[in-house]
>>> print(open('query09.cif').read())   # mmCIF, N, CA and C atoms
data_my_file
loop_
_atom_site.label_atom_id
_atom_site.label_comp_id
_atom_site.auth_asym_id
_atom_site.auth_seq_id
_atom_site.Cartn_x
_atom_site.Cartn_y
_atom_site.Cartn_z
N MET A 499 139.71 156.14 148.76
CA MET A 499 138.90 155.47 147.79
C MET A 499 138.04 156.43 146.99
N GLY A 500 137.84 157.61 147.50
CA GLY A 500 137.00 158.59 146.83
C GLY A 500 137.77 159.46 145.85
N ALA A 501 139.01 159.09 145.54
CA ALA A 501 139.81 159.90 144.62
C ALA A 501 139.28 159.75 143.20
N SER A 502 139.12 160.88 142.54
CA SER A 502 138.64 160.83 141.16
C SER A 502 139.84 160.84 140.23
N THR A 503 139.71 160.11 139.16
CA THR A 503 140.80 160.05 138.19
C THR A 503 140.42 160.91 137.00
N ALA A 504 140.94 162.12 136.99
CA ALA A 504 140.65 163.05 135.89
C ALA A 504 141.61 162.77 134.75
N MET A 505 141.10 162.88 133.54
CA MET A 505 141.93 162.64 132.37
C MET A 505 142.75 163.90 132.07
N PRO A 506 143.97 163.72 131.59
CA PRO A 506 144.77 164.88 131.19
C PRO A 506 144.09 165.60 130.03
N PRO A 507 144.30 166.91 129.91
CA PRO A 507 143.65 167.68 128.84
C PRO A 507 143.95 167.14 127.44
N GLU A 508 145.14 166.60 127.22
CA GLU A 508 145.48 166.06 125.91
C GLU A 508 144.57 164.89 125.55
N ASN A 509 144.32 164.00 126.51
CA ASN A 509 143.44 162.85 126.25
C ASN A 509 142.00 163.30 126.03
N GLN A 510 141.57 164.32 126.77
CA GLN A 510 140.20 164.82 126.58
C GLN A 510 140.03 165.41 125.19
N LYS A 511 141.02 166.17 124.73
CA LYS A 511 140.94 166.76 123.39
C LYS A 511 140.90 165.68 122.32
N SER A 512 141.72 164.65 122.49
CA SER A 512 141.73 163.59 121.49
C SER A 512 140.43 162.79 121.49
N LEU A 513 139.83 162.61 122.66
CA LEU A 513 138.54 161.91 122.72
C LEU A 513 137.43 162.75 122.09
N ILE A 514 137.47 164.05 122.31
CA ILE A 514 136.48 164.93 121.69
C ILE A 514 136.65 164.90 120.17
N TRP A 515 137.89 164.97 119.71
CA TRP A 515 138.18 164.92 118.28
C TRP A 515 137.69 163.60 117.69
N LEU A 516 137.98 162.49 118.38
CA LEU A 516 137.57 161.17 117.91
C LEU A 516 136.05 161.06 117.82
N SER A 517 135.36 161.51 118.84
CA SER A 517 133.90 161.39 118.83
C SER A 517 133.28 162.27 117.75
N LYS A 518 133.84 163.45 117.54
CA LYS A 518 133.30 164.35 116.52
C LYS A 518 133.43 163.75 115.13
N TYR A 519 134.60 163.25 114.80
CA TYR A 519 134.82 162.75 113.45
C TYR A 519 134.27 161.34 113.25
N LEU A 520 134.14 160.57 114.32
CA LEU A 520 133.48 159.28 114.20
C LEU A 520 131.99 159.48 113.91
N SER A 521 131.39 160.47 114.53
CA SER A 521 129.98 160.74 114.24
C SER A 521 129.81 161.22 112.80
N LEU A 522 130.77 161.98 112.29
CA LEU A 522 130.70 162.40 110.89
C LEU A 522 130.82 161.19 109.96
N ALA A 523 131.69 160.26 110.31
CA ALA A 523 131.89 159.07 109.48
C ALA A 523 130.65 158.18 109.44
N LEU A 524 129.87 158.20 110.51
CA LEU A 524 128.68 157.35 110.57
C LEU A 524 127.42 158.05 110.07
N THR A 525 127.51 159.35 109.84
CA THR A 525 126.34 160.11 109.41
C THR A 525 125.82 159.65 108.05
N LEU A 526 126.70 159.52 107.08
CA LEU A 526 126.27 159.16 105.73
C LEU A 526 125.68 157.75 105.66
N PRO A 527 126.35 156.72 106.20
CA PRO A 527 125.73 155.38 106.14
C PRO A 527 124.40 155.31 106.89
N ALA A 528 124.29 156.00 108.02
CA ALA A 528 123.03 155.98 108.77
C ALA A 528 121.92 156.67 107.99
N SER A 529 122.25 157.76 107.31
CA SER A 529 121.25 158.47 106.51
C SER A 529 120.79 157.63 105.33
N VAL A 530 121.73 156.97 104.67
CA VAL A 530 121.38 156.12 103.53
C VAL A 530 120.52 154.95 104.00
N LEU A 531 120.87 154.35 105.14
CA LEU A 531 120.08 153.25 105.67
C LEU A 531 118.67 153.69 106.02
N ALA A 532 118.55 154.86 106.65
CA ALA A 532 117.22 155.39 106.98
C ALA A 532 116.41 155.65 105.71
N GLY A 533 117.05 156.20 104.69
CA GLY A 533 116.37 156.43 103.42
C GLY A 533 115.93 155.14 102.77
N TYR A 534 116.79 154.12 102.84
CA TYR A 534 116.44 152.81 102.27
C TYR A 534 115.23 152.20 103.00
N ILE A 535 115.26 152.28 104.31
CA ILE A 535 114.15 151.70 105.09
C ILE A 535 112.85 152.43 104.79
N LEU A 536 112.88 153.75 104.82
CA LEU A 536 111.66 154.51 104.53
C LEU A 536 111.19 154.30 103.09
N GLY A 537 112.14 154.22 102.16
CA GLY A 537 111.78 153.96 100.77
C GLY A 537 111.17 152.58 100.59
N SER A 538 111.72 151.59 101.31
CA SER A 538 111.17 150.24 101.22
C SER A 538 109.76 150.16 101.79
N VAL A 539 109.54 150.87 102.90
CA VAL A 539 108.20 150.89 103.49
C VAL A 539 107.22 151.56 102.53
N ALA A 540 107.63 152.68 101.95
CA ALA A 540 106.75 153.37 100.99
C ALA A 540 106.52 152.51 99.75
N ASP A 541 107.56 151.80 99.30
CA ASP A 541 107.43 150.91 98.15
C ASP A 541 106.45 149.78 98.45
N HIS A 542 106.56 149.20 99.63
CA HIS A 542 105.67 148.11 100.02
C HIS A 542 104.22 148.60 100.13
N TRP A 543 104.06 149.81 100.65
CA TRP A 543 102.73 150.35 100.89
C TRP A 543 102.07 150.82 99.59
N LEU A 544 102.86 151.51 98.74
CA LEU A 544 102.28 152.11 97.54
C LEU A 544 102.53 151.30 96.26
N HIS A 545 103.37 150.27 96.34
CA HIS A 545 103.70 149.41 95.20
C HIS A 545 104.30 150.20 94.03
N ILE A 546 105.21 151.10 94.38
CA ILE A 546 105.95 151.88 93.37
C ILE A 546 107.44 151.60 93.61
N PRO A 547 108.07 150.73 92.81
CA PRO A 547 109.44 150.28 93.08
C PRO A 547 110.49 151.38 93.10
N ILE A 548 110.26 152.48 92.44
CA ILE A 548 111.26 153.54 92.37
C ILE A 548 111.42 154.26 93.72
N LEU A 549 110.48 154.09 94.62
CA LEU A 549 110.54 154.78 95.91
C LEU A 549 111.72 154.32 96.75
N ARG A 550 112.13 153.07 96.61
CA ARG A 550 113.29 152.57 97.35
C ARG A 550 114.55 153.32 96.91
N ALA A 551 114.73 153.45 95.60
CA ALA A 551 115.90 154.17 95.08
C ALA A 551 115.82 155.65 95.43
N LEU A 552 114.63 156.21 95.38
CA LEU A 552 114.45 157.61 95.75
C LEU A 552 114.78 157.83 97.23
N GLY A 553 114.40 156.89 98.07
CA GLY A 553 114.72 156.98 99.49
C GLY A 553 116.22 156.95 99.74
N ILE A 554 116.93 156.09 98.99
CA ILE A 554 118.38 156.03 99.12
C ILE A 554 119.01 157.35 98.70
N LEU A 555 118.54 157.91 97.58
CA LEU A 555 119.10 159.18 97.10
C LEU A 555 118.80 160.33 98.07
N LEU A 556 117.59 160.36 98.61
CA LEU A 556 117.26 161.40 99.58
C LEU A 556 118.06 161.24 100.87
N GLY A 557 118.28 160.00 101.30
CA GLY A 557 119.10 159.76 102.48
C GLY A 557 120.54 160.19 102.26
N MET A 558 121.06 159.93 101.06
CA MET A 558 122.42 160.34 100.73
C MET A 558 122.53 161.86 100.73
N ALA A 559 121.55 162.53 100.15
CA ALA A 559 121.56 163.99 100.11
C ALA A 559 121.47 164.58 101.52
N ALA A 560 120.63 163.99 102.35
CA ALA A 560 120.51 164.47 103.73
C ALA A 560 121.80 164.26 104.50
N GLY A 561 122.44 163.12 104.32
CA GLY A 561 123.70 162.84 105.01
C GLY A 561 124.81 163.78 104.57
N LEU A 562 124.93 164.01 103.27
CA LEU A 562 125.96 164.93 102.77
C LEU A 562 125.70 166.35 103.24
N THR A 563 124.45 166.76 103.27
CA THR A 563 124.11 168.09 103.78
C THR A 563 124.53 168.24 105.23
N GLN A 564 124.27 167.23 106.04
CA GLN A 564 124.63 167.28 107.45
C GLN A 564 126.15 167.32 107.63
N ILE A 565 126.87 166.55 106.85
CA ILE A 565 128.33 166.54 106.93
C ILE A 565 128.89 167.92 106.56
N ILE A 566 128.38 168.51 105.48
CA ILE A 566 128.85 169.83 105.07
C ILE A 566 128.54 170.87 106.13
N ARG A 567 127.36 170.80 106.74
CA ARG A 567 127.02 171.73 107.83
C ARG A 567 128.00 171.63 108.99
N GLU A 568 128.28 170.40 109.41
CA GLU A 568 129.18 170.19 110.55
C GLU A 568 130.59 170.70 110.24
N ILE A 569 131.08 170.41 109.05
CA ILE A 569 132.43 170.84 108.68
C ILE A 569 132.49 172.36 108.61
N SER A 570 131.49 173.00 108.02
CA SER A 570 131.52 174.46 107.94
C SER A 570 131.38 175.09 109.33
N ARG A 571 130.61 174.47 110.21
CA ARG A 571 130.49 174.96 111.58
C ARG A 571 131.83 174.86 112.31
N ASP A 572 132.54 173.76 112.12
CA ASP A 572 133.85 173.59 112.73
C ASP A 572 134.85 174.61 112.19
N GLU A 573 134.80 174.87 110.89
CA GLU A 573 135.71 175.85 110.30
C GLU A 573 135.42 177.26 110.84
N ARG A 574 134.15 177.60 110.98
CA ARG A 574 133.79 178.90 111.56
C ARG A 574 134.30 179.03 112.98
N ARG A 575 134.12 177.98 113.78
CA ARG A 575 134.59 178.01 115.16
C ARG A 575 136.10 178.14 115.25
N SER A 576 136.82 177.45 114.36
CA SER A 576 138.28 177.54 114.40
C SER A 576 138.76 178.92 113.96
N LYS A 577 138.06 179.57 113.03
CA LYS A 577 138.42 180.93 112.61
C LYS A 577 138.13 181.93 113.72
N ASP A 578 137.01 181.76 114.41
CA ASP A 578 136.66 182.67 115.51
C ASP A 578 137.58 182.49 116.71
N GLY A 579 138.02 181.27 116.93
CA GLY A 579 138.88 180.96 118.09
C GLY A 579 140.32 181.41 117.91
N SER A 580 140.78 181.59 116.68
CA SER A 580 142.19 181.97 116.49
C SER A 580 142.37 183.41 116.13
#
>>> encode(input="query09.cif", output="structure tokens")
Amino acid sequence: MGASTAMPPENQKSLIWLSKYLSLALTLPASVLAGYILGSVADHWLHIPILRALGILLGMAAGLTQIIREISRDERRSKDGS
């Protein structure tokens, strides 16, 4: 009963690949949502309607920056590994 079920290396690699790229796919929408929420709070507090749109744009920029960082980091690792 104490036998452990280890996954084959192929399945582990595919799960790692899936988790890495799924997190990249969710980075941009999460950043935009965070920017929208922060912009809405600032808009409500300061009564400046443009802050909501500014929050969305800043969230988009932050998300794209993070995606580009991750992709360039992966490319560097693949070049170093081969």
>>> resolve_selection(input="query09.cif", expression="the PyMOL selection byres (((chain A and resi 536-538 and name CA) around 8) and name CA)", output="PyMOL selection string")
chain A and resi 532-535+539-542+549-554
>>> resolve_selection(input="query09.cif", expression="the PyMOL selection byres ((chain A and resi 558-560) around 7)", output="MDAnalysis selection string")
chainID A and resid 526 529:531 533 553:557 561:565
>>> atom_distance(input="query09.cif", atom1="atom C of Asp572 in chain A", atom2="atom C of Trp515 in chain A")
12.6 Å
>>> atom_distance(input="query09.cif", atom1="atom N of Arg575 in chain A", atom2="CA of Gln510 in chain A")
19.3 Å
>>> decode(input="query09.cif", residues="range 529-546 of chain A", atoms="N, CA and C atoms", output="PDB file, in the first residue's frame")
ATOM      1  N   SER A 529      -3.199  40.944 -15.299  1.00  0.00           N
ATOM      2  CA  SER A 529      -2.608  42.277 -15.172  1.00  0.00           C
ATOM      3  C   SER A 529      -3.597  43.366 -15.556  1.00  0.00           C
ATOM      4  N   VAL A 530      -4.333  43.136 -16.630  1.00  0.00           N
ATOM      5  CA  VAL A 530      -5.335  44.119 -17.060  1.00  0.00           C
ATOM      6  C   VAL A 530      -6.432  44.249 -16.005  1.00  0.00           C
ATOM      7  N   LEU A 531      -6.868  43.121 -15.448  1.00  0.00           N
ATOM      8  CA  LEU A 531      -7.892  43.162 -14.407  1.00  0.00           C
ATOM      9  C   LEU A 531      -7.400  43.914 -13.172  1.00  0.00           C
ATOM     10  N   ALA A 532      -6.160  43.654 -12.772  1.00  0.00           N
ATOM     11  CA  ALA A 532      -5.596  44.373 -11.620  1.00  0.00           C
ATOM     12  C   ALA A 532      -5.510  45.874 -11.906  1.00  0.00           C
ATOM     13  N   GLY A 533      -5.096  46.227 -13.117  1.00  0.00           N
ATOM     14  CA  GLY A 533      -5.037  47.641 -13.492  1.00  0.00           C
ATOM     15  C   GLY A 533      -6.406  48.285 -13.493  1.00  0.00           C
ATOM     16  N   TYR A 534      -7.413  47.546 -13.982  1.00  0.00           N
ATOM     17  CA  TYR A 534      -8.786  48.062 -13.990  1.00  0.00           C
ATOM     18  C   TYR A 534      -9.287  48.301 -12.558  1.00  0.00           C
ATOM     19  N   ILE A 535      -9.037  47.336 -11.694  1.00  0.00           N
ATOM     20  CA  ILE A 535      -9.503  47.470 -10.306  1.00  0.00           C
ATOM     21  C   ILE A 535      -8.817  48.643  -9.619  1.00  0.00           C
ATOM     22  N   LEU A 536      -7.503  48.731  -9.753  1.00  0.00           N
ATOM     23  CA  LEU A 536      -6.790  49.844  -9.121  1.00  0.00           C
ATOM     24  C   LEU A 536      -7.195  51.187  -9.725  1.00  0.00           C
ATOM     25  N   GLY A 537      -7.399  51.217 -11.042  1.00  0.00           N
ATOM     26  CA  GLY A 537      -7.844  52.441 -11.689  1.00  0.00           C
ATOM     27  C   GLY A 537      -9.239  52.852 -11.241  1.00  0.00           C
ATOM     28  N   SER A 538     -10.118  51.861 -11.067  1.00  0.00           N
ATOM     29  CA  SER A 538     -11.473  52.157 -10.597  1.00  0.00           C
ATOM     30  C   SER A 538     -11.475  52.695  -9.172  1.00  0.00           C
ATOM     31  N   VAL A 539     -10.623  52.115  -8.334  1.00  0.00           N
ATOM     32  CA  VAL A 539     -10.525  52.600  -6.955  1.00  0.00           C
ATOM     33  C   VAL A 539      -9.991  54.029  -6.942  1.00  0.00           C
ATOM     34  N   ALA A 540      -8.956  54.282  -7.740  1.00  0.00           N
ATOM     35  CA  ALA A 540      -8.403  55.640  -7.804  1.00  0.00           C
ATOM     36  C   ALA A 540      -9.423  56.613  -8.393  1.00  0.00           C
ATOM     37  N   ASP A 541     -10.186  56.160  -9.392  1.00  0.00           N
ATOM     38  CA  ASP A 541     -11.227  57.001  -9.995  1.00  0.00           C
ATOM     39  C   ASP A 541     -12.304  57.342  -8.964  1.00  0.00           C
ATOM     40  N   HIS A 542     -12.717  56.347  -8.197  1.00  0.00           N
ATOM     41  CA  HIS A 542     -13.745  56.569  -7.180  1.00  0.00           C
ATOM     42  C   HIS A 542     -13.240  57.520  -6.086  1.00  0.00           C
ATOM     43  N   TRP A 543     -11.979  57.367  -5.736  1.00  0.00           N
ATOM     44  CA  TRP A 543     -11.407  58.158  -4.651  1.00  0.00           C
ATOM     45  C   TRP A 543     -11.113  59.590  -5.082  1.00  0.00           C
ATOM     46  N   LEU A 544     -10.546  59.746  -6.298  1.00  0.00           N
ATOM     47  CA  LEU A 544     -10.118  61.068  -6.744  1.00  0.00           C
ATOM     48  C   LEU A 544     -11.093  61.747  -7.712  1.00  0.00           C
ATOM     49  N   HIS A 545     -12.102  61.013  -8.178  1.00  0.00           N
ATOM     50  CA  HIS A 545     -13.103  61.536  -9.107  1.00  0.00           C
ATOM     51  C   HIS A 545     -12.483  62.049 -10.411  1.00  0.00           C
ATOM     52  N   ILE A 546     -11.543  61.267 -10.924  1.00  0.00           N
ATOM     53  CA  ILE A 546     -10.910  61.573 -12.217  1.00  0.00           C
ATOM     54  C   ILE A 546     -11.151  60.358 -13.120  1.00  0.00           C
TER      55      ILE A 546
END
